[in-house]
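Here the structure comes first, spelled out in structure tokens, and everything after it is commentary.
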Amino acid sequence: MLFRSIQDERLLWIATILLFAFAISYLAPVAQNFGKSRQSFPASVCAPKTGDGTATAYLPKNDLKVRSIPSKKNKFVTSHQALQTMGSSPLLIDGNPGTSFVVNNVNGGLAAETCLSGAADQWFVGGSGGLTSKATLHIVNSGMSSAAVDIFPFGKVVMPPISLKIPANSDRLVFVDALVPGEDAVALHIATRSGRVTTFLADQRKKGLSSLGSDFVSSTTAPSTHLIIPTVLQSSSGKVDTTLRLLVPGTLDASVRVSVKSGDGEFTPVGFDDRSIKSGFVTDIAIPDLTSSTPMAFVIDSDQPLVAGVPTQMKGGDFAWAGASKPIDTLSMNFTTLSPKFVFAGKSISVSISWKDGNGKSNRTRVSGDGIAFWSPGKAGIRTITITSNPKSGTVGGVILRNNYQIAYLPLIPSAILETSSLPIADAHALARG
């Protein structure tokens, strides 16, 4: 009996100790990981000056951090001015929610391009590798490690891709006629395999010593079955030549329908109600007798994904490339008293605009319409402007810059899109047992 009593007492003590240990382990704090997210705008890159002439970067505000690429110290400096004179080097702008752009006045032509952050894929529908072309591709690596890119050229014949390695913090210049020698109709697909790369395509034309104009070919949207090109300048006198350039990059031919919207109404050019486009090759189609008292928008629908661009040639003057654009969300820009013309296109247009004119007066308006709508700030011009639209509405927009016979188009797209990154956080309340 005594032995059993002692054994029962030991069992009771063991059970008590186990229960006590279990209670401690249950109540004691444990290490946990919580996820936090951080949102920021990546740095954006502005295209350098091309050729002779002047080039200016329009930053959304003063006191932004900027530096050239390449830069010996790789340190940002404060801009202090919204207008930055561009040299032969690209300009890197520290992350901010505004949209920056560059205006080049080169070789008698006007060229404009939005400053952009790195992109995994860029499509350019424009340019030429012909005898009169001096088109150049600027491949900018703004990162601190080397980058690898693949260039897929398209023309009238099949051409092999080209792979390049771009050193860190550098700008690589590639002549388009070296990529597509002798090809007048060109499209390029730039795929970034590693690194933060931004690419710009500058198209300059010369015949002997005479300049035939210049422009940037803005990178367009990825291949899609529905495209809207919002800015195509026309005249009622027919003094503007218009061509539609198409590329179906897949393996199947496409059936394409094109409708043109303007302030004079909507119509389908002859032969574009159901046009077959061969895949894998660039197709240029002249659109004759196209006149309008207002700028126009091209709406392209296809049964196969495609990319498109429209060159506008002023007779005896400059030329400009218009491309398909993405739906507008919110973007802020600084035009420093320029007076551009804004064009919006979509099924149900409703765009809110707030701006300060050249006299510093604040204004607000709403632009509405069906198909196409226009807005201009008036003679006072614009200092700063904020444009807001619901991206689900599908409204796209662009800017027409004009100086007599000089012309340039600028897509209304943001320089950078807000990025979200996750930050792991360790809870240090865990008990440490030696």
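In the structure tokens, the first chain shown is A, the next is B, and so on; residue numbers restart at 1 for each chain, and ligands run from 1 in the order shown.
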Near stretch 96-104 of chain A, within 9 Å and counting only C-alpha atoms, which residues show up once chain neighbours fewer than 4 positions away are dropped, as a PyMOL selection string? chain A and resi 40-50+53-61+64+86+109-116+214-216+331-334+408+410+412-418
Test item: residues at most 7 Å from A:Thr337, only C-alpha atoms, excluding those fewer than 5 positions along its chain, as a list of chain:residue names: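 The filter keeps A:Asp357, A:Gly358, A:Gly381, A:Ile382, A:Arg383.
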Could you turn the residues from that selection into a file that holds N, CA, C and O atoms, as an mmCIF file, in the first residue's frame?
data_model
loop_
_atom_site.group_PDB
_atom_site.id
_atom_site.type_symbol
_atom_site.label_atom_id
_atom_site.label_comp_id
_atom_site.auth_asym_id
_atom_site.auth_seq_id
_atom_site.Cartn_x
_atom_site.Cartn_y
_atom_site.Cartn_z
ATOM 1 N N ASP A 357 -3.383 78.408 -65.817
ATOM 2 C CA ASP A 357 -3.011 78.955 -67.115
ATOM 3 C C ASP A 357 -1.712 79.745 -67.007
ATOM 4 O O ASP A 357 -1.092 79.826 -65.939
ATOM 5 N N GLY A 358 -1.302 80.342 -68.112
ATOM 6 C CA GLY A 358 -0.042 81.064 -68.143
ATOM 7 C C GLY A 358 0.001 82.260 -67.222
ATOM 8 O O GLY A 358 1.083 82.741 -66.858
ATOM 9 N N GLY A 381 -2.425 79.585 -72.508
ATOM 10 C CA GLY A 381 -1.590 78.404 -72.367
ATOM 11 C C GLY A 381 -1.751 77.716 -71.019
ATOM 12 O O GLY A 381 -2.650 78.037 -70.234
ATOM 13 N N ILE A 382 -0.870 76.765 -70.750
ATOM 14 C CA ILE A 382 -0.934 75.961 -69.520
ATOM 15 C C ILE A 382 0.393 76.044 -68.787
ATOM 16 O O ILE A 382 1.462 75.955 -69.399
ATOM 17 N N ARG A 383 0.292 76.214 -67.476
ATOM 18 C CA ARG A 383 1.468 75.985 -66.630
ATOM 19 C C ARG A 383 1.475 74.522 -66.176
ATOM 20 O O ARG A 383 2.321 73.734 -66.557
#
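Near A:Thr136, within 6 Å and counting only C-alpha atoms, sit A:Val174, A:Phe175, A:Val176, A:Leu201, A:Ala202; same-chain residues fewer than 2 positions away were not included.
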Selected residues written out, C-alpha atoms, as a JSON list (two decimals), in the first residue's frame:
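So the final result, stored in out-v6.json, reads:
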[["chain", "number", "residue", "atom", "x", "y", "z"],
["A", 174, "VAL", "CA", 21.70, 51.42, -82.30],
["A", 175, "PHE", "CA", 21.03, 52.60, -85.86],
["A", 176, "VAL", "CA", 17.78, 51.23, -87.25],
["A", 201, "LEU", "CA", 13.10, 55.38, -81.02],
["A", 202, "ALA", "CA", 14.02, 58.66, -82.73]]
Counting only C-alpha atoms, the option among A:Phe267, A:Phe272, A:Trp123, A:Trp375 closest to A:Ser325: A:Trp123
Among stretch 42-229 of chain A, which residues carry a DSSP assignment of alpha helix (DSSP H), reported as a PyMOL selection string? chain A and resi 176-179
Between atom CA of A:Val197 and atom CA of A:Val149, what is the spacing in Å? 8.2 Å
Would you work out the distance separating atom CA of A:Gly130 from atom CA of A:Asn105, expressed in Å to one decimal?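 Taking atom CA of A:Gly130 and atom CA of A:Asn105, their separation equals 22.6 Å.
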Within 7 Å of stretch 297-309 of chain A, counting only C-alpha atoms, which residues show up once you throw out same-chain ones fewer than 4 positions away? Write them as a PyMOL selection string, please. chain A and resi 125-126+222-232+244-249+254-262+321-324+345
Save out the residues we just selected, C-alpha atoms, as a compact mmCIF listing (two decimals), in the first residue's frame.
# COMPACT_ATOMS: atom_id res chain seq x y z
CA VAL A 125 5.45 50.77 -84.94
CA GLY A 126 7.27 53.38 -86.97
CA ALA A 222 1.06 45.43 -76.47
CA PRO A 223 -0.62 43.50 -79.32
CA SER A 224 -4.39 43.60 -78.89
CA THR A 225 -7.58 42.97 -80.86
CA HIS A 226 -8.84 46.49 -80.08
CA LEU A 227 -6.68 49.59 -80.52
CA ILE A 228 -7.39 53.32 -80.41
CA ILE A 229 -4.96 55.84 -81.92
CA PRO A 230 -6.26 59.19 -80.58
CA THR A 231 -4.18 61.87 -82.33
CA VAL A 232 -4.11 62.03 -86.12
CA LEU A 244 -1.77 53.19 -91.56
CA ARG A 245 1.03 50.81 -90.51
CA LEU A 246 -0.02 47.39 -89.15
CA LEU A 247 1.80 44.36 -87.78
CA VAL A 248 0.19 41.06 -86.79
CA PRO A 249 3.05 39.40 -84.83
CA ALA A 254 -5.89 38.89 -89.32
CA SER A 255 -9.19 40.28 -90.49
CA VAL A 256 -9.11 44.00 -89.65
CA ARG A 257 -11.75 46.70 -89.54
CA VAL A 258 -10.86 50.40 -89.18
CA SER A 259 -13.20 53.23 -88.30
CA VAL A 260 -12.23 56.89 -88.23
CA LYS A 261 -13.80 59.32 -85.75
CA SER A 262 -13.60 63.08 -86.09
CA TRP A 321 4.04 59.31 -85.53
CA ALA A 322 0.85 58.47 -83.63
CA GLY A 323 0.40 55.17 -81.82
CA ALA A 324 -2.23 53.31 -79.85
CA ALA A 345 -11.24 59.10 -77.82
I need the residue nearest A:Val396 from this list: A:Ile328, A:Ala373, A:Met296, A:Ala380. Use only C-alpha atoms for the distance. A:Ile328
What is the atom CA of A:Lys73 to atom CA of A:His138 distance in Å?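 Value for the atom CA of A:Lys73-atom CA of A:His138 distance: 22.1 Å.
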Among listed residues A:Lys75, A:Thr388, A:Ser142, A:Leu83, nearest A:Thr336 (using only C-alpha atoms): A:Leu83
If we count only C-alpha atoms, what is near A:Ser68 at a cut-off of 7 Å, once residues fewer than 3 positions away on the same chain are taken out, given as a JSON list (two decimals) with all heavy atoms, in the first residue's frame?
[["chain", "number", "residue", "atom", "x", "y", "z"],
["A", 71, "SER", "N", 26.63, 58.68, -65.22],
["A", 71, "SER", "CA", 27.07, 59.70, -64.27],
["A", 71, "SER", "C", 28.22, 59.13, -63.46],
["A", 71, "SER", "O", 28.15, 58.00, -62.98],
["A", 71, "SER", "CB", 25.92, 60.12, -63.35],
["A", 71, "SER", "OG", 26.36, 61.02, -62.37],
["A", 89, "SER", "N", 22.98, 63.05, -73.38],
["A", 89, "SER", "CA", 22.80, 61.96, -72.43],
["A", 89, "SER", "C", 21.37, 61.91, -71.93],
["A", 89, "SER", "O", 20.73, 62.96, -71.74],
["A", 89, "SER", "CB", 23.74, 62.13, -71.23],
["A", 89, "SER", "OG", 25.09, 62.09, -71.63],
["A", 90, "PRO", "N", 20.82, 60.71, -71.70],
["A", 90, "PRO", "CA", 19.49, 60.61, -71.09],
["A", 90, "PRO", "C", 19.48, 61.19, -69.69],
["A", 90, "PRO", "O", 20.54, 61.29, -69.04],
["A", 90, "PRO", "CB", 19.23, 59.09, -71.07],
["A", 90, "PRO", "CG", 20.18, 58.51, -72.06],
["A", 90, "PRO", "CD", 21.38, 59.38, -72.04],
["A", 91, "LEU", "N", 18.29, 61.57, -69.22],
["A", 91, "LEU", "CA", 18.13, 62.15, -67.90],
["A", 91, "LEU", "C", 17.30, 61.21, -67.04],
["A", 91, "LEU", "O", 16.22, 60.78, -67.45],
["A", 91, "LEU", "CB", 17.44, 63.51, -67.99],
["A", 91, "LEU", "CG", 17.27, 64.29, -66.69],
["A", 91, "LEU", "CD1", 18.62, 64.80, -66.21],
["A", 91, "LEU", "CD2", 16.30, 65.46, -66.88],
["A", 92, "LEU", "N", 17.82, 60.89, -65.85],
["A", 92, "LEU", "CA", 17.10, 60.03, -64.90],
["A", 92, "LEU", "C", 16.45, 60.92, -63.85],
["A", 92, "LEU", "O", 17.11, 61.75, -63.22],
["A", 92, "LEU", "CB", 18.06, 59.04, -64.24],
["A", 92, "LEU", "CG", 17.44, 58.03, -63.27],
["A", 92, "LEU", "CD1", 16.51, 57.08, -64.01],
["A", 92, "LEU", "CD2", 18.52, 57.25, -62.54]]
Please build the interface table for stretch 179-230 of chain A against stretch 152-161 of chain A with a cut-off of 12 Å, listing for each qualifying residue the nearest atom pair and the distance in Å to one decimal; count only C-alpha atoms, order rows by chain and increasing number, and write it as a tab-separated table.
residue	atom	partner	partner_atom	distance
A:Leu179	CA	A:Pro153	CA	6.8
A:Val180	CA	A:Pro153	CA	6.8
A:Pro181	CA	A:Gly155	CA	9.7
A:Gly182	CA	A:Gly155	CA	9.6
A:Glu183	CA	A:Gly155	CA	6.2
A:Asp184	CA	A:Gly155	CA	7.9
A:Ala185	CA	A:Gly155	CA	5.8
A:Val186	CA	A:Gly155	CA	5.0
A:Ala187	CA	A:Phe154	CA	5.1
A:Leu188	CA	A:Pro153	CA	4.7
A:His189	CA	A:Phe152	CA	5.0
A:Ile190	CA	A:Phe152	CA	6.4
A:Ala191	CA	A:Phe152	CA	8.0
A:Thr192	CA	A:Phe152	CA	11.3
Exercise: A:Gly378 partners within 12 Å, only C-alpha atoms, chain neighbours under 5 positions left out, as number ranges by chain: A: 337-342, 355-359, 363
Output N, CA, C and O atoms of each residue in that selection to a file, as an mmCIF file, in the first residue's frame.
data_model
loop_
_atom_site.group_PDB
_atom_site.id
_atom_site.type_symbol
_atom_site.label_atom_id
_atom_site.label_comp_id
_atom_site.auth_asym_id
_atom_site.auth_seq_id
_atom_site.Cartn_x
_atom_site.Cartn_y
_atom_site.Cartn_z
ATOM 1 N N THR A 337 3.427 77.164 -70.032
ATOM 2 C CA THR A 337 2.776 78.137 -70.923
ATOM 3 C C THR A 337 2.636 77.668 -72.380
ATOM 4 O O THR A 337 2.217 78.448 -73.238
ATOM 5 N N LEU A 338 2.994 76.412 -72.698
ATOM 6 C CA LEU A 338 2.669 75.899 -74.026
ATOM 7 C C LEU A 338 1.143 75.839 -74.175
ATOM 8 O O LEU A 338 0.408 75.771 -73.196
ATOM 9 N N SER A 339 0.665 75.827 -75.405
ATOM 10 C CA SER A 339 -0.771 75.782 -75.644
ATOM 11 C C SER A 339 -1.103 74.629 -76.599
ATOM 12 O O SER A 339 -1.411 74.846 -77.777
ATOM 13 N N PRO A 340 -1.039 73.391 -76.114
ATOM 14 C CA PRO A 340 -1.296 72.239 -76.983
ATOM 15 C C PRO A 340 -2.794 72.000 -77.176
ATOM 16 O O PRO A 340 -3.633 72.587 -76.490
ATOM 17 N N LYS A 341 -3.106 71.112 -78.101
ATOM 18 C CA LYS A 341 -4.485 70.676 -78.323
ATOM 19 C C LYS A 341 -4.612 69.250 -77.798
ATOM 20 O O LYS A 341 -3.792 68.384 -78.128
ATOM 21 N N PHE A 342 -5.644 69.007 -76.974
ATOM 22 C CA PHE A 342 -5.866 67.694 -76.380
ATOM 23 C C PHE A 342 -6.975 66.980 -77.140
ATOM 24 O O PHE A 342 -8.009 67.575 -77.468
ATOM 25 N N TRP A 355 -6.354 72.971 -64.231
ATOM 26 C CA TRP A 355 -5.087 73.512 -64.699
ATOM 27 C C TRP A 355 -4.891 74.931 -64.216
ATOM 28 O O TRP A 355 -5.827 75.612 -63.808
ATOM 29 N N LYS A 356 -3.634 75.353 -64.278
ATOM 30 C CA LYS A 356 -3.263 76.747 -64.071
ATOM 31 C C LYS A 356 -2.798 77.287 -65.409
ATOM 32 O O LYS A 356 -1.938 76.699 -66.064
ATOM 33 N N ASP A 357 -3.383 78.408 -65.817
ATOM 34 C CA ASP A 357 -3.011 78.955 -67.115
ATOM 35 C C ASP A 357 -1.712 79.745 -67.007
ATOM 36 O O ASP A 357 -1.092 79.826 -65.939
ATOM 37 N N GLY A 358 -1.302 80.342 -68.112
ATOM 38 C CA GLY A 358 -0.042 81.064 -68.143
ATOM 39 C C GLY A 358 0.001 82.260 -67.222
ATOM 40 O O GLY A 358 1.083 82.741 -66.858
ATOM 41 N N ASN A 359 -1.174 82.750 -66.806
ATOM 42 C CA ASN A 359 -1.243 83.873 -65.869
ATOM 43 C C ASN A 359 -1.317 83.422 -64.417
ATOM 44 O O ASN A 359 -1.450 84.250 -63.519
ATOM 45 N N ASN A 363 -8.140 76.891 -63.010
ATOM 46 C CA ASN A 363 -9.353 76.629 -63.779
ATOM 47 C C ASN A 363 -9.720 75.151 -63.654
ATOM 48 O O ASN A 363 -8.892 74.304 -63.323
#
Given only C-alpha atoms as the basis, pick out the residue of A:Ser218, A:Ser128, A:Ser362, A:Ser88 nearest to A:Gly398.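 For A:Gly398, the nearest of the given residues is A:Ser218.
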Mind the document's chain letters and residue numbers, and return as a ChimeraX atom specification the residues of stretch 211-312 of chain A that DSSP labels strand (DSSP E or B). /A:211-217,220,224-232,240-247,254-262,265-267,275-277,282-286,296-312
Nearest residue to A:Thr395 from the set A:Asp63, A:Asp121, A:Asp370, A:Glu419 (distances using only C-alpha atoms): A:Asp370
